[in-house]
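To start, the structure itself, in structure tokens.
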Amino acid sequence: MKSAKAAFTLGAACLAGAVFALGSVATLAQAQDTAIERGEQVYDYWCAPCHDPGPGHPGTQSLAFRYDGTEIPAVLEDRTDLTPEFVRTLVRQGMLSMAPFRKTEITDAELDALAAYLSGQ
Ligand code: HEC
């Protein structure tokens with residue numbers, strides 16, 4: 001009787017441990033998803049007006065000109081070569097007609113999310 005109860009308690013403890021471990025993995029994956037979703041929102045608000053596909057978007061037009069004849073797409077969201085560091089530096093320092101963004105516009109946390117979204121990391 002006693003040992004059966006002990007075994008049951010042990011089993012329950014293991015199960016609780018497993019559920020807890022699975023729970024943390026799910027939470028981690030969710031946190032990553034949330035960062036990427038947040039990054040997409042930041043992108044849509046601040047970057048899409050210049051980097052969306054099609055005419056009337058100076059970022060896309062400028063990059064289409066610069067990368068003409070290469071494999072690199074003009075639309076930032078289609079790029080697979082962007083690293084988080086590059087995105088962070090570009091956003092804080094700007095480039096030619098692209099003005100830098102201040103922390104009062106895009107916070108560091110938002111920039112991390114944006115960098116994760118554009119780099120796919
Ligand atoms: C006012 C328009 C404008 C806005 C808003 C803008 N950009 Fe740009 N961006 C440009 C232009 C124009 C260039 C190209 C400069 C050049 O040709 O050298 C550029 C270049 C870049 C590049 C360099 C790509 C490369 O291959 O060198 C990155 C990365 C970039 N922008 C990211 C962003 C992000 C992220 C945002 C939003 C936070 C953003 N931009 C908002 C106009 C803009």
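Labeling convention for the structure tokens: chains A, B, ... as they appear, residues from 1 per chain, ligands from 1 in order of appearance.
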
Next item on the list: Give the residues close to ligand 1, within 7 Å, counting only C-alpha atoms and all ligand atoms; write them as a list in words.
Entry: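 Those residues are Tyr43, Trp46, Cys47, Pro49, Cys50, His51, Pro58, Gly59, Ser62, Leu63, Arg66, Leu76, Phe86, Val87, Leu90, Val91, Met95, Leu96, Ser97, Met98, Ala99, Phe101 and Leu114 of chain A.
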
Next item on the list: Assign secondary structure with DSSP using the backbone only, and return the residues of chain A in helix (DSSP H, G or I) as a PyMOL selection string.
Entry: chain A and resi 2-51+58-66+76-78+84-93+108-119

Next item on the list: Compare A:Asp81, A:Glu71, A:Glu40, A:Asp33 by their minimum atom-to-atom distance to Tyr117 in chain A, counting only C-alpha atoms, and give me the closest one.
Entry: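 Once distances to Tyr117 in chain A are computed over only C-alpha atoms, the minimum belongs to A:Glu40.
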
Next item on the list: May I ask for the distance between CA of Gly69 in chain A and CA of Thr83 in chain A, given in Å to one decimal place?
Entry: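 Computed distance, CA of Gly69 in chain A to CA of Thr83 in chain A, equals 22.1 Å.
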